[in-house]
Amino acid sequence: MEVILTHENTDFDALASLLGAWKLYPDAIPVLPRRPNRNLRHFLTLYWDELPFVRADDLPHRRIERVILVDTQALTQLKGMSSRTKVLIIDHHALDRDLTPGMTYSGEELGATATILIEQISETHLPLSPIEATLLLLGIYEDTGSLSYPSTTPRDVRCAAWLLEQGASLGVVNRFLHHPLSEEQRQLYDQLLDNSQIHEFDGQSVVIATASVQGYVEEISTLAHKLRDLFEPAALFVLVELEDHIQLVARSSSETIDVAEIAARLDGGGHSQASAARIQGQTLDQVRDELLELLKTHVKPAVTVGQIMSYGVHTLPPDTTVAEAAEMMRRYGHEGFPVVEEGRIVGILTRGQIDKALQLGFDNLSINFYMYKGAVSVRPDDPVQKLQDVMMEHSLGQVPVVEGGQIIGIVTRTDLIKLWSAPPQRPRRAEIAQLIEDALPASLLELIQQASQTAAQMGSSLYVVGGFVRDLLLGTPTLDLDLVVEGNAIALAKRLQKRVGGRVTSHVRFGTAKLILDAKAFPIPYLDFVTARTEFYEHATALPQVERSSIKQDLHRRDFTINTLAICLDPDRYGELLDFYGGEQDLKRGLIRVLHSLSFVEDPTRMLRAARLEQRLGFRLEERTEELIGNALDLLDRTTGERIRHELYLILEEATPEEALCRLDELGVLAQIHPGLKCDDWLKERFRRLRESPISNFQPPTSNFQISILYLALLTYRLSAPDLESLIKRLKIAGEDTALLRQVNRLLFSTSELVKARRPSAIYRLLKHYSTPAIFVLWIATDSEPVRERLELHHRTLRFVEAEIDGEHLKALGLQPSPLFGRILSALRDARLDGEVSSLEEEEALVEELLAKSGTNRF
């Protein structure tokens, strides 16, 4: 038989999980634990007949083939179980035990185990009675604090809403979740409340409540929940001294306080958010003192200032004028600046203060009269709680970060808001590091690690950013590495070159360097190093001005959130994922999103990039981002043709460029570039033909043309000659590309003559001046079979036909070089093409005939 089990000290989530598992596995027997708490006993007394539970003592005496274990990972032994019994664990906590043979785990980190089961019940359309729906809702509400605990997820909320639709009663839920305390519980609660002490560890509040009672008081955990609701601490520890032992009940709402780890040091157990211990042989004071020592070593700041701050900071001297400060704010987009005099912070200037001074006309007044005065700062290792306190105390939205007496960065109100709104993240350094090691060949991985070590020796930090990180997290890694240095990228590249060889090229203005690698030693030709920088634009569509900055500001200048992800390569932070702007969340949602509303104003070519990435990745444009494209279309007219052409060529290098082109057509971008450009079914069909046609059979081996230019020729195929010339001028298309586009355009308007041509020589004369790529484009584009037949005939046969007689032969016949040479040689080729001559003798006879008709003597 199969049974469904849970933990002995059963709560409503465990009971609800028993029911949910039974709905999914109706042949299994849901076994009621022997020690349900008082609330559960009262609930079961009222609704026992409506529920499927079986008491352990009433189980049939049969062999247990499989156990479905819910809301716990600790297996309770029953008669009938053996080493051959299979176990399926369903839990809403991460797996924290070794799986023995026959065990499997199915779980996710959600607010309640019941949520996992309810989702499956909903998906399979299993019916629920109102009582069943109510019990399942009790399970979610109890473990999520009525959907208020930080561990609550959107999926818990959706399941709760679905249960209400199935008839769950909130009245019953409230009655049993807020069950009146017994007299013994009330007395114990009052004692715990009186003895509660609040401690702070690294900015996080921890409550320790103690009490001593005679006899047994059940459901101490219920009292712990009430105390947690009252104090709202990061963690709560309840110590109750009973007759023969001390009972510990612990609860945590912070990811950095693992109460299971602390309980384990006291011979207890549980999971990271809820644990318990039975402690013997110690007094209450001894246990409390030991607990305090454990907390000192086990509690770490949830988030430190250093994790959310921006490194590198612009400062102003106090004699800066209001107008100068306003210009600095406009240029860098900052909301304020630290004011520094002789290396010391003397105040902070905010945008509000500057705006007020400008309104009053005090442009030339010193900011010393308007700034907030005082040496306000935080350290990078301070918890964010301290930062919040500093901001509230001084009413400031930005605070300098100081280390060793030096300003190293700034942290803002926006940083805090992003922290609060970001979904909780589990530590992933080891996971990310493994992804990097799996993605990179050994020689390249060693090179990256050498670069990281070299940067650390120079006091710099090294990051891999952008597309590599994006594709790594998507499971499609590439070797396209972009390395950003918080420090001097050129100096780092030169120092690394001394260790690994190669040569360095650099661009001082932009702080970039390229380390050219030995092709025999490495799988890529070079490594790019870029100094972390910020950009500002003098006007819309202008090329950016560049200044050295921090990694956070460097990432902020990028185009889309999914390209702002970075991985730190420093030896002590290797594998740390930096996600300041929600890039990973947008990766999961499949969204292309700009970082701010002026993104397309600063660089309109991002419109083309957005469509390319959207189609390549199978993502979609975020709604506001698509709206911003529409608002900025006219700015393409002020963007240089070279920049638009560059992005257009990148699209044409995609595997299926018509997808991005048609998206650009939908967005109005193609028409903005040129009103004659369009992507429709005709173009999509021609692009498909181009990919599926035997290009290699149509193209001579010596040609090196790329398929992207053929795509461009098809895109411009239907333009009139004047429109084509205006597009060539607009995009500044030059060289062989322009020649091909013009040839295709002329060919298109020669097709009627081509159809009329019956003799091979006439076909040859029409096509002889056109390149093979141009002829091939027409062959792809046209639907006219006569035209295609003539193009194929020319490509496969006619262009190779030559007369045996050439200029030297004519000289040998005694002819003097003259314009007649060309006419004779052309006539000989035509005769060969049309089958009128087939040998040297016949060619010589034709020459004699042509000379006789022209009246020309040989000498």
# chains A, B, ... in the order shown; residues from 1 in each chain; ligands from 1
>>> select_by_dssp(residues="range 527-692 of chain A", states="strand (DSSP E)", output="VMD selection string")
chain A and resid 527 to 531 533 to 536 545 to 548 566 to 568 576 to 578 591 to 592 620 to 621
>>> residues_around(residues="range 523-532 of chain A", least_positions_apart="5", cutoff="9 Å", atoms="only C-alpha atoms", output="VMD selection string")
chain A and resid 441 443 to 444 479 to 490 492 to 493 502 510 to 518 547 to 555
>>> closest_residue(among="A:Leu664, A:Leu472, A:Met81, A:Leu598", to="Gln615 in chain A", atoms="only C-alpha atoms")
A:Leu664
>>> residues_around(residues="range 807-813 of chain A", least_positions_apart="2", cutoff="12 Å", atoms="only C-alpha atoms", output="JSON, numbers by chain")
{"A": [803, 804, 805, 815, 816, 817, 818, 819, 820, 821, 822, 823, 824, 825, 826, 828, 840, 843, 844, 845, 847, 848, 851, 857, 858, 859]}
>>> residues_around(residues="Gln453 in chain A", least_positions_apart="5", cutoff="12 Å", atoms="only C-alpha atoms", output="JSON, numbers by chain")
{"A": [446, 447, 448, 458, 459, 460, 461, 462, 492, 495, 496, 499, 569, 570, 571, 572, 573, 574]}
>>> write_last_selection(atoms="all heavy atoms", output="compact mmCIF listing (two decimals), in the first residue's frame")
# COMPACT_ATOMS: atom_id res chain seq x y z
N GLU A 446 41.77 29.98 -17.57
CA GLU A 446 43.00 30.30 -16.85
C GLU A 446 43.43 31.75 -17.13
O GLU A 446 43.88 32.46 -16.22
CB GLU A 446 44.12 29.34 -17.26
CG GLU A 446 45.42 29.57 -16.50
CD GLU A 446 46.52 28.61 -16.93
OE1 GLU A 446 46.25 27.71 -17.75
OE2 GLU A 446 47.66 28.77 -16.45
N LEU A 447 43.24 32.20 -18.38
CA LEU A 447 43.59 33.57 -18.74
C LEU A 447 42.73 34.57 -17.96
O LEU A 447 43.22 35.58 -17.44
CB LEU A 447 43.41 33.77 -20.24
CG LEU A 447 43.66 35.19 -20.78
CD1 LEU A 447 45.09 35.61 -20.54
CD2 LEU A 447 43.30 35.27 -22.26
N ILE A 448 41.44 34.28 -17.85
CA ILE A 448 40.53 35.17 -17.12
C ILE A 448 40.93 35.23 -15.65
O ILE A 448 40.92 36.29 -15.01
CB ILE A 448 39.07 34.68 -17.27
CG1 ILE A 448 38.60 34.83 -18.71
CG2 ILE A 448 38.14 35.44 -16.34
CD1 ILE A 448 38.62 36.22 -19.23
N MET A 458 46.63 45.12 -8.52
CA MET A 458 46.67 46.55 -8.84
C MET A 458 45.62 47.35 -8.06
O MET A 458 45.48 48.55 -8.26
CB MET A 458 46.42 46.75 -10.35
CG MET A 458 47.47 46.11 -11.24
SD MET A 458 47.03 46.17 -13.00
CE MET A 458 47.02 47.94 -13.29
N GLY A 459 44.88 46.66 -7.19
CA GLY A 459 43.84 47.34 -6.42
C GLY A 459 42.59 47.62 -7.22
O GLY A 459 41.79 48.49 -6.86
N SER A 460 42.39 46.89 -8.31
CA SER A 460 41.22 47.09 -9.17
C SER A 460 40.28 45.90 -9.07
O SER A 460 40.65 44.83 -8.59
CB SER A 460 41.65 47.28 -10.64
OG SER A 460 42.50 48.39 -10.77
N SER A 461 39.06 46.09 -9.55
CA SER A 461 38.09 45.00 -9.64
C SER A 461 37.80 44.73 -11.10
O SER A 461 37.75 45.65 -11.93
CB SER A 461 36.79 45.37 -8.91
OG SER A 461 36.98 45.35 -7.51
N LEU A 462 37.57 43.45 -11.42
CA LEU A 462 37.34 43.03 -12.80
C LEU A 462 36.00 42.33 -12.91
O LEU A 462 35.64 41.50 -12.05
CB LEU A 462 38.46 42.08 -13.25
CG LEU A 462 38.41 41.60 -14.70
CD1 LEU A 462 38.62 42.77 -15.66
CD2 LEU A 462 39.48 40.52 -14.95
N LEU A 492 45.95 47.56 -16.84
CA LEU A 492 45.73 46.14 -16.56
C LEU A 492 46.09 45.29 -17.77
O LEU A 492 46.76 44.25 -17.63
CB LEU A 492 44.27 45.91 -16.17
CG LEU A 492 43.85 44.43 -16.01
CD1 LEU A 492 44.70 43.73 -14.96
CD2 LEU A 492 42.37 44.33 -15.67
N ARG A 495 49.84 45.09 -18.06
CA ARG A 495 50.44 44.24 -17.01
C ARG A 495 50.18 42.76 -17.32
O ARG A 495 51.07 41.92 -17.16
CB ARG A 495 49.83 44.61 -15.66
CG ARG A 495 50.33 43.78 -14.47
CD ARG A 495 51.54 44.40 -13.81
NE ARG A 495 51.33 45.73 -13.29
CZ ARG A 495 51.05 46.00 -12.01
NH1 ARG A 495 50.88 45.01 -11.13
NH2 ARG A 495 50.95 47.25 -11.60
N LEU A 496 48.96 42.44 -17.78
CA LEU A 496 48.63 41.05 -18.12
C LEU A 496 49.44 40.57 -19.32
O LEU A 496 49.86 39.40 -19.38
CB LEU A 496 47.12 40.93 -18.40
CG LEU A 496 46.60 39.53 -18.70
CD1 LEU A 496 46.80 38.60 -17.51
CD2 LEU A 496 45.10 39.58 -19.08
N ARG A 499 52.56 38.90 -18.60
CA ARG A 499 52.46 37.54 -18.05
C ARG A 499 52.13 36.51 -19.12
O ARG A 499 52.62 35.38 -19.08
CB ARG A 499 51.37 37.48 -16.97
CG ARG A 499 51.68 38.32 -15.74
CD ARG A 499 50.58 38.21 -14.69
NE ARG A 499 50.38 36.85 -14.21
CZ ARG A 499 49.53 36.52 -13.25
NH1 ARG A 499 48.79 37.46 -12.66
NH2 ARG A 499 49.41 35.26 -12.86
N LEU A 569 34.78 39.01 -11.08
CA LEU A 569 35.84 38.01 -11.24
C LEU A 569 36.93 38.15 -10.20
O LEU A 569 37.93 37.43 -10.27
CB LEU A 569 36.44 38.12 -12.65
CG LEU A 569 35.45 37.92 -13.81
CD1 LEU A 569 36.14 38.14 -15.14
CD2 LEU A 569 34.83 36.53 -13.77
N ASP A 570 36.77 39.07 -9.23
CA ASP A 570 37.77 39.22 -8.18
C ASP A 570 37.94 37.91 -7.43
O ASP A 570 36.96 37.19 -7.20
CB ASP A 570 37.35 40.31 -7.19
CG ASP A 570 37.35 41.69 -7.83
OD1 ASP A 570 37.72 41.79 -9.01
OD2 ASP A 570 36.98 42.65 -7.13
N PRO A 571 39.15 37.57 -7.02
CA PRO A 571 39.36 36.29 -6.33
C PRO A 571 38.45 36.10 -5.11
O PRO A 571 37.97 34.98 -4.87
CB PRO A 571 40.84 36.35 -5.92
CG PRO A 571 41.46 37.25 -6.96
CD PRO A 571 40.42 38.27 -7.28
N ASP A 572 38.19 37.17 -4.35
CA ASP A 572 37.37 37.01 -3.15
C ASP A 572 35.88 37.20 -3.41
O ASP A 572 35.07 37.06 -2.49
CB ASP A 572 37.83 37.98 -2.06
CG ASP A 572 37.74 39.44 -2.50
OD1 ASP A 572 37.63 39.68 -3.72
OD2 ASP A 572 37.77 40.33 -1.63
N ARG A 573 35.51 37.51 -4.65
CA ARG A 573 34.08 37.67 -4.99
C ARG A 573 33.73 36.91 -6.26
O ARG A 573 32.69 37.13 -6.87
CB ARG A 573 33.75 39.15 -5.19
CG ARG A 573 33.91 40.02 -3.95
CD ARG A 573 33.80 41.49 -4.31
NE ARG A 573 32.54 41.83 -4.93
CZ ARG A 573 32.35 42.95 -5.65
NH1 ARG A 573 33.34 43.81 -5.82
NH2 ARG A 573 31.17 43.20 -6.19
N TYR A 574 34.57 35.97 -6.64
CA TYR A 574 34.44 35.28 -7.92
C TYR A 574 33.07 34.61 -8.04
O TYR A 574 32.66 33.83 -7.18
CB TYR A 574 35.54 34.23 -8.06
CG TYR A 574 35.61 33.56 -9.41
CD1 TYR A 574 36.18 34.23 -10.49
CD2 TYR A 574 35.11 32.29 -9.61
CE1 TYR A 574 36.26 33.63 -11.73
CE2 TYR A 574 35.19 31.67 -10.85
CZ TYR A 574 35.76 32.35 -11.91
OH TYR A 574 35.81 31.75 -13.13
